[in-house]
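Note: the block below is data_31.cif and it holds mmCIF, C-alpha atoms and all ligand atoms.
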data_work
#
loop_
_atom_site.label_atom_id
_atom_site.label_comp_id
_atom_site.auth_asym_id
_atom_site.auth_seq_id
_atom_site.Cartn_x
_atom_site.Cartn_y
_atom_site.Cartn_z
CA GLU A 19 75.83 92.86 94.47
CA ARG A 20 79.11 91.22 93.41
CA LYS A 21 78.07 91.67 89.83
CA GLN A 22 77.25 95.30 90.38
CA LEU A 23 80.71 95.89 91.86
CA HIS A 24 82.23 94.06 88.92
CA ARG A 25 80.67 96.63 86.61
CA LEU A 26 82.63 99.37 88.39
CA ARG A 27 85.90 98.09 86.90
CA ARG A 28 85.58 100.53 84.05
CA GLU A 29 84.02 103.40 85.98
CA PRO A 30 85.93 106.32 87.50
CA SER A 31 86.37 106.72 91.28
CA ARG A 32 84.41 109.98 91.05
CA THR A 33 82.40 111.59 93.83
CA LEU A 34 78.78 112.68 93.33
CA ASP A 35 79.99 116.26 92.93
CA GLY A 36 82.43 115.27 90.19
CA VAL A 37 85.83 115.06 91.89
CA ASP A 38 88.08 112.26 90.69
CA ILE A 39 89.70 110.45 93.59
CA ARG A 40 92.89 108.58 92.79
CA VAL A 41 92.60 104.97 93.86
CA TYR A 42 95.89 103.07 93.73
CA ALA A 43 96.55 99.45 94.60
CA ASN A 44 98.90 97.94 97.14
CA ALA A 45 100.78 95.04 95.60
CA GLU A 46 103.33 92.47 96.56
CA SER A 47 103.00 89.86 93.84
CA ARG A 48 102.49 89.48 90.10
CA ALA A 49 98.90 88.47 90.74
CA ASP A 50 98.26 91.68 92.68
CA VAL A 51 99.71 93.75 89.84
CA ALA A 52 97.57 92.00 87.23
CA GLU A 53 94.47 92.46 89.37
CA ALA A 54 95.26 96.13 90.02
CA HIS A 55 95.55 96.70 86.30
CA ALA A 56 92.32 94.86 85.51
CA LEU A 57 90.37 96.82 88.13
CA GLY A 58 91.43 100.15 86.69
CA ALA A 59 93.67 101.20 89.58
CA ALA A 60 95.35 104.58 89.03
CA GLY A 61 98.64 102.78 89.55
CA VAL A 62 100.47 100.89 92.25
CA GLY A 63 100.55 103.11 95.33
CA LEU A 64 102.58 100.72 97.45
CA TYR A 65 104.75 97.94 96.09
CA ARG A 66 106.07 96.09 99.12
CA THR A 67 109.53 94.80 98.19
CA GLU A 68 109.98 92.73 101.35
CA PHE A 69 108.72 89.53 99.77
CA LEU A 70 111.68 89.53 97.37
CA PHE A 71 113.89 89.32 100.42
CA MET A 72 112.02 86.50 102.17
CA GLY A 73 114.01 83.66 100.66
CA PRO A 74 117.17 82.26 102.15
CA GLN A 75 119.22 84.27 99.64
CA LEU A 76 119.30 88.03 99.10
CA PRO A 77 118.13 89.10 95.64
CA ASP A 78 120.92 90.87 93.76
CA GLU A 79 120.53 94.06 91.73
CA ASP A 80 119.62 92.25 88.51
CA ALA A 81 116.97 90.04 90.14
CA GLN A 82 115.40 93.10 91.74
CA PHE A 83 115.61 95.07 88.51
CA ARG A 84 113.69 92.35 86.66
CA ALA A 85 111.00 92.27 89.35
CA TYR A 86 110.52 96.05 89.38
CA ARG A 87 110.65 96.29 85.58
CA ASP A 88 107.91 93.67 85.34
CA VAL A 89 105.67 95.70 87.64
CA ALA A 90 106.27 98.81 85.53
CA LEU A 91 105.51 96.89 82.32
CA GLY A 92 102.46 95.23 83.91
CA MET A 93 100.95 98.60 84.77
CA THR A 94 101.35 99.89 81.16
CA GLY A 95 102.27 103.48 81.86
CA ARG A 96 100.42 103.96 85.12
CA THR A 97 102.48 105.12 88.10
CA VAL A 98 104.26 102.47 90.15
CA THR A 99 105.38 103.36 93.66
CA ILE A 100 108.18 101.10 94.88
CA ARG A 101 108.80 101.08 98.58
CA THR A 102 112.37 100.45 99.63
CA LEU A 103 113.01 97.53 101.93
CA ASP A 104 110.88 97.63 105.06
CA ILE A 105 112.28 94.71 106.97
CA GLY A 106 112.70 94.49 110.69
CA ALA A 107 112.57 91.87 113.36
CA ASP A 108 108.84 92.53 113.68
CA LYS A 109 108.22 91.48 110.07
CA ALA A 110 109.00 88.02 108.76
CA ASP A 111 112.66 87.92 107.84
CA ARG A 112 114.67 84.87 106.88
CA THR A 113 117.54 86.76 105.32
CA GLY A 114 119.26 87.47 108.58
CA LEU A 115 119.37 91.12 107.51
CA ALA A 116 117.43 92.36 110.49
CA LEU A 117 118.79 92.05 113.97
CA SER A 118 117.07 89.15 115.64
CA ASP A 119 117.71 89.99 119.25
CA GLU A 120 116.30 93.47 119.57
CA PRO A 121 114.34 94.00 122.77
CA ASN A 122 111.72 96.15 120.95
CA PRO A 123 111.74 95.18 117.27
CA ALA A 124 109.00 97.64 116.31
CA LEU A 125 111.19 100.38 117.73
CA GLY A 126 114.39 98.95 116.35
CA LEU A 127 116.56 98.99 113.28
CA ARG A 128 113.86 98.60 110.63
CA GLY A 129 112.77 100.28 107.42
CA VAL A 130 114.97 103.13 106.23
CA ARG A 131 117.06 102.82 109.38
CA LEU A 132 118.16 99.33 108.37
CA SER A 133 118.68 100.41 104.74
CA LEU A 134 120.93 103.30 105.75
CA ALA A 135 122.90 100.94 107.98
CA ARG A 136 123.44 98.46 105.12
CA ALA A 137 124.74 100.80 102.43
CA GLY A 138 125.62 98.10 99.87
CA ILE A 139 122.22 96.43 100.00
CA PHE A 140 120.43 99.78 99.85
CA GLU A 141 122.47 100.96 96.87
CA ALA A 142 121.75 97.73 94.96
CA GLN A 143 118.03 98.19 95.56
CA MET A 144 118.11 101.84 94.53
CA ARG A 145 120.01 100.98 91.35
CA ALA A 146 117.45 98.30 90.52
CA ILE A 147 114.56 100.73 91.04
CA VAL A 148 116.17 103.50 89.01
CA ARG A 149 116.98 101.10 86.16
CA ALA A 150 113.32 100.01 86.12
CA SER A 151 112.29 103.65 85.61
CA GLY A 152 113.23 103.21 81.96
CA TYR A 153 110.15 100.98 81.58
CA GLY A 154 107.38 103.13 83.07
CA PRO A 155 106.76 105.94 85.55
CA ILE A 156 108.29 104.91 88.86
CA ARG A 157 108.34 106.61 92.24
CA VAL A 158 110.49 105.69 95.26
CA LEU A 159 108.82 105.50 98.67
CA VAL A 160 110.83 105.39 101.89
CA PRO A 161 109.40 103.58 104.94
CA MET A 162 109.75 104.43 108.64
CA VAL A 163 111.04 107.96 108.14
CA SER A 164 111.40 109.75 111.46
CA SER A 165 113.63 112.71 110.60
CA ARG A 166 114.68 115.09 107.86
CA ASP A 167 118.20 113.65 107.88
CA GLU A 168 116.94 110.28 106.65
CA VAL A 169 115.10 111.84 103.72
CA VAL A 170 118.11 113.95 102.79
CA ALA A 171 120.38 110.89 102.91
CA VAL A 172 118.08 108.88 100.63
CA ALA A 173 117.73 111.81 98.22
CA ALA A 174 121.52 112.04 98.00
CA LEU A 175 121.79 108.32 97.29
CA LEU A 176 119.09 108.57 94.61
CA ARG A 177 120.98 111.42 92.90
CA ARG A 178 124.26 109.56 92.98
CA VAL A 179 122.74 106.33 91.67
CA ARG A 180 121.08 108.25 88.83
CA ARG A 181 124.38 109.85 87.83
CA ASP A 182 126.20 106.51 87.94
CA LEU A 183 123.57 104.73 85.84
CA VAL A 184 123.49 107.50 83.24
CA SER A 185 127.25 107.38 82.91
CA GLU A 186 127.06 103.59 82.56
CA GLY A 187 124.72 104.14 79.62
CA HIS A 188 121.37 103.09 81.10
CA GLU A 189 118.16 104.67 79.84
CA ILE A 190 116.37 106.01 82.89
CA ALA A 191 113.49 108.40 83.54
CA GLU A 192 114.13 112.18 83.63
CA HIS A 193 112.49 112.44 87.01
CA ILE A 194 111.98 109.85 89.72
CA PRO A 195 109.79 111.28 92.49
CA LEU A 196 110.91 110.52 96.04
CA GLY A 197 108.31 110.11 98.76
CA ALA A 198 108.23 109.50 102.49
CA MET A 199 105.92 107.24 104.38
CA ILE A 200 104.28 109.03 107.25
CA GLU A 201 103.97 106.28 109.82
CA VAL A 202 106.05 107.51 112.74
CA PRO A 203 104.30 110.28 114.70
CA ALA A 204 107.50 112.36 114.75
CA ALA A 205 107.45 112.52 110.94
CA ALA A 206 103.85 113.69 110.93
CA ILE A 207 104.55 116.36 113.52
CA ALA A 208 107.84 117.53 111.97
CA LEU A 209 106.46 117.44 108.41
CA PRO A 210 106.75 121.21 107.76
CA GLY A 211 110.50 120.85 108.33
CA PHE A 212 111.14 118.30 105.60
CA ILE A 213 108.27 118.40 103.13
CA ASP A 214 110.46 120.49 100.80
CA ALA A 215 112.76 117.44 100.49
CA VAL A 216 110.08 115.07 99.18
CA ASP A 217 107.81 114.96 96.13
CA PHE A 218 104.92 113.02 97.66
CA LEU A 219 103.71 111.39 100.87
CA SER A 220 102.00 108.16 101.77
CA VAL A 221 100.49 107.70 105.21
CA GLY A 222 100.98 104.22 106.66
CA THR A 223 98.16 104.09 109.15
CA ASN A 224 98.99 100.53 110.27
CA ASP A 225 102.18 101.72 111.90
CA LEU A 226 101.04 105.28 112.58
CA ILE A 227 98.20 103.97 114.76
CA GLN A 228 100.55 101.54 116.49
CA TYR A 229 103.11 104.22 117.39
CA LEU A 230 100.63 106.99 118.09
CA LEU A 231 98.42 104.95 120.41
CA ALA A 232 101.25 102.79 121.82
CA ALA A 233 99.23 99.77 120.72
CA ASP A 234 100.92 96.81 119.01
CA ARG A 235 99.34 96.28 115.57
CA ASN A 236 99.53 92.49 116.01
CA ASN A 237 98.44 92.09 119.62
CA GLU A 238 94.87 90.83 119.63
CA ALA A 239 94.62 91.21 123.39
CA LEU A 240 94.51 94.98 122.88
CA GLY A 241 91.14 94.70 121.16
CA GLU A 242 89.75 98.14 120.38
CA LEU A 243 92.72 99.96 121.85
CA TYR A 244 94.24 99.59 118.39
CA THR A 245 91.82 101.61 116.29
CA PRO A 246 91.76 104.24 113.56
CA LEU A 247 88.76 105.81 115.31
CA HIS A 248 90.77 107.88 117.78
CA PRO A 249 90.65 111.69 117.85
CA ALA A 250 94.46 111.89 117.99
CA LEU A 251 94.77 109.98 114.72
CA LEU A 252 92.13 112.06 112.96
CA ARG A 253 93.80 115.30 114.02
CA LEU A 254 97.19 114.07 112.87
CA LEU A 255 95.78 112.91 109.51
CA GLU A 256 94.02 116.23 109.00
CA SER A 257 97.26 118.09 109.70
CA VAL A 258 99.38 115.94 107.37
CA ILE A 259 96.85 116.19 104.54
CA ARG A 260 96.45 119.97 104.97
CA ILE A 261 100.21 120.60 104.96
CA ALA A 262 100.74 118.34 101.94
CA ARG A 263 97.96 120.01 99.98
CA ARG A 264 99.21 123.48 100.81
CA ARG A 265 102.69 122.56 99.61
CA GLY A 266 101.39 120.87 96.48
CA ARG A 267 102.58 117.39 97.44
CA PRO A 268 100.28 114.47 96.58
CA VAL A 269 99.34 112.53 99.71
CA ALA A 270 97.77 109.09 99.95
CA VAL A 271 96.79 106.78 102.76
CA CYS A 272 98.08 103.26 102.13
CA GLY A 273 97.36 101.47 105.43
CA GLU A 274 94.45 99.10 106.04
CA MET A 275 92.32 102.10 106.98
CA ALA A 276 92.24 103.17 103.33
CA GLY A 277 91.07 99.70 102.32
CA ASP A 278 88.03 99.77 104.58
CA ALA A 279 85.25 101.40 102.58
CA ARG A 280 83.40 102.30 105.78
CA PHE A 281 86.04 104.94 106.46
CA ALA A 282 85.87 106.57 103.02
CA PRO A 283 83.55 109.44 104.10
CA LEU A 284 85.83 110.19 107.04
CA LEU A 285 89.02 110.28 104.96
CA LEU A 286 87.38 112.35 102.23
CA ALA A 287 86.13 114.80 104.90
CA LEU A 288 89.73 115.21 106.11
CA GLY A 289 90.78 116.21 102.58
CA LEU A 290 92.23 112.93 101.33
CA GLU A 291 92.02 112.51 97.56
CA GLU A 292 94.34 109.52 97.08
CA PHE A 293 93.90 106.03 98.47
CA SER A 294 96.04 102.92 98.09
CA LEU A 295 94.62 99.56 99.09
CA HIS A 296 94.70 95.86 98.45
CA PRO A 297 93.03 95.11 95.09
CA GLY A 298 90.58 92.79 96.88
CA THR A 299 88.58 95.72 98.25
CA LEU A 300 89.27 98.29 95.54
CA LEU A 301 85.85 98.12 93.93
CA GLU A 302 84.09 98.38 97.28
CA LEU A 303 86.00 101.58 97.96
CA ARG A 304 85.19 102.90 94.48
CA HIS A 305 81.52 102.17 95.12
CA ALA A 306 81.65 104.09 98.43
CA ILE A 307 83.46 107.06 96.87
CA ARG A 308 80.87 107.29 94.10
CA ALA A 309 78.13 107.63 96.72
CA CYS A 310 79.88 110.50 98.55
CA ASP A 311 79.49 114.24 98.04
CA LEU A 312 82.93 115.68 98.68
CA GLY A 313 81.75 119.27 99.19
CA ILE A 314 79.30 118.25 101.88
CA LEU A 315 81.82 116.00 103.61
CA ARG A 316 84.53 118.69 103.62
CA ALA A 317 82.07 121.09 105.24
CA ARG A 318 81.48 118.54 107.98
CA ALA A 319 85.17 118.03 108.81
CA PRO A 320 85.09 120.48 111.75
CA ALA A 321 82.34 118.43 113.41
CA LEU A 322 84.38 115.26 112.86
CA LEU A 323 87.46 116.86 114.42
CA ARG A 324 85.42 117.93 117.45
CA ALA A 325 84.53 114.33 118.26
CA ARG A 326 86.02 113.53 121.65
CA ASP A 327 86.00 109.76 121.57
CA ARG A 328 85.34 106.67 119.50
CA ALA A 329 81.59 106.93 120.09
CA GLY A 330 81.58 110.50 118.79
CA ILE A 331 83.49 109.51 115.65
CA GLU A 332 81.16 106.56 115.05
CA LYS A 333 78.18 108.84 115.42
CA TRP A 334 79.64 111.20 112.80
CA LEU A 335 80.24 108.22 110.51
CA ARG A 336 76.66 106.98 110.88
CA ALA A 337 75.36 110.45 110.05
CA ASN A 338 77.62 110.79 107.00
CA THR A 339 77.56 107.35 105.43
CA PRO A 340 75.56 107.34 102.19
CA ALA A 341 72.45 105.15 102.45
CA ASP A 342 73.30 102.63 99.73
CA THR A 343 76.87 101.80 100.80
C1 LIG A 401 101.50 100.87 107.15
O1 LIG A 401 102.29 100.85 108.11
O2 LIG A 401 100.36 101.37 107.22
C2 LIG A 401 101.89 100.31 105.86
C3 LIG A 401 101.17 100.51 104.77
O3 LIG A 401 103.02 99.56 105.79
P1 LIG A 401 103.16 98.07 106.37
O4 LIG A 401 101.79 97.58 106.72
O5 LIG A 401 103.85 97.30 105.31
O6 LIG A 401 104.01 98.32 107.59
MG MG A 402 104.37 100.39 107.89
#
Could you rewrite the structure in this file as structure tokens?
Ligand code: PEP
Ligand code: MG
Amino acid sequence: ERKQLHRLRREPSRTLDGVDIRVYANAESRADVAEAHALGAAGVGLYRTEFLFMGPQLPDEDAQFRAYRDVALGMTGRTVTIRTLDIGADKADRTGLALSDEPNPALGLRGVRLSLARAGIFEAQMRAIVRASGYGPIRVLVPMVSSRDEVVAVAALLRRVRRDLVSEGHEIAEHIPLGAMIEVPAAAIALPGFIDAVDFLSVGTNDLIQYLLAADRNNEALGELYTPLHPALLRLLESVIRIARRRGRPVAVCGEMAGDARFAPLLLALGLEEFSLHPGTLLELRHAIRACDLGILRARAPALLRARDRAGIEKWLRANTPADT
């Protein structure tokens, strides 16, 4: 079976009824980027920049520029989505950037909140990303967005940084798409009010589940209370995907849920046509997608959304999982 999956490296992620699904890779190292490229990923859908900040010293603009440029070069013209710093006291942090004594780190000054509070560090990162756009198609993805104001502030910074770099003589891309992560329920619910301010969306189900279900993503004691198989999550996903599609904004899911091939029929039924996942399970997902009929699954979305509990969702999944996956 391994060998059979291996053969899928050069095959498209195309459904039985001929729809090409875009399968991107999540990456946080050179090895991930090389693997993503070798497996035929559509691009990097989530480049986590945190690991650059894990050392005792902050990376300066040039060090970051070299790292982002190398990802762009490594992907040879495929899209690279660089997420701005998503550090908080709930994620490993040895830089001292994040506040260490927050009572509720997951609800604290993390992600874009921290970036906007540390203007110098944020500007250096944005300059590094924009400079890298001269070496391949790059998109900027903002984590932990909870309001329109945050998106507007980042868009303004991006514009200013672009102007500065052009006047300093740097060669940068004409257009650098700006995207928001949808991982705070408020952003999902308020999406119609700020979707005009972004070019694309990426749903971070790891955090979205945590905040939606009030269930810590790292607390094993919660067992199945932390689960993607909750009707509230499916309804929210359906709504985000529908709004994004209607407004012509590409939308991906980049949380662990997208990397679990068992959930592919469910996500396709909800209208998702872009996935981003760790390269380690990319071929499994491609295999699952190739066994799905998108038209049939889309027609069965109403039944999925009527499921009242985990058991109902699992029953739908059993009935709609292709036999050979
Ligand atoms: C997520 O929250 O789903 C996500 C992709 O980001 P991270 O796991 O880095 O928080
Ligand atoms: Mg997240």
Residues within 10 Å of A:Asp88, only C-alpha atoms, excluding chain neighbours under 4 positions, as a PyMOL selection string: chain A and resi 48+51+82-84+92-94+150+153-154
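Residues with any atom within 12 Å of A:Ala317, counting all atoms listed in the file and excluding same-chain neighbours fewer than 3 positions away, are A:Pro283, A:Leu284, A:Leu286, A:Ala287, A:Leu288, A:Gly289, A:Asp311, A:Leu312, A:Gly313, A:Ile314, A:Pro320, A:Ala321, A:Leu322, A:Leu323, A:Asn338.
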Which one is closest to A:Gly330: A:Pro249, A:Leu91, A:Leu103, A:Ala206? Count only C-alpha atoms. A:Pro249
Kindly work out which residues sit at most 6 Å from ligand LIG 401 (chain A), using only C-alpha atoms and all ligand atoms, and give the list as a compact mmCIF listing (two decimals) with C-alpha atoms, in the frame of the given file.
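pocket_24.txt written:
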# COMPACT_ATOMS: atom_id res chain seq x y z
CA GLU A 201 103.97 106.28 109.82
CA GLY A 222 100.98 104.22 106.66
CA THR A 223 98.16 104.09 109.15
CA ASN A 224 98.99 100.53 110.27
CA ASP A 225 102.18 101.72 111.90
CA CYS A 272 98.08 103.26 102.13
CA GLY A 273 97.36 101.47 105.43
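Of note, atom CA of A:Tyr244 and atom CA of A:Asp278 are spaced 15.1 Å apart.
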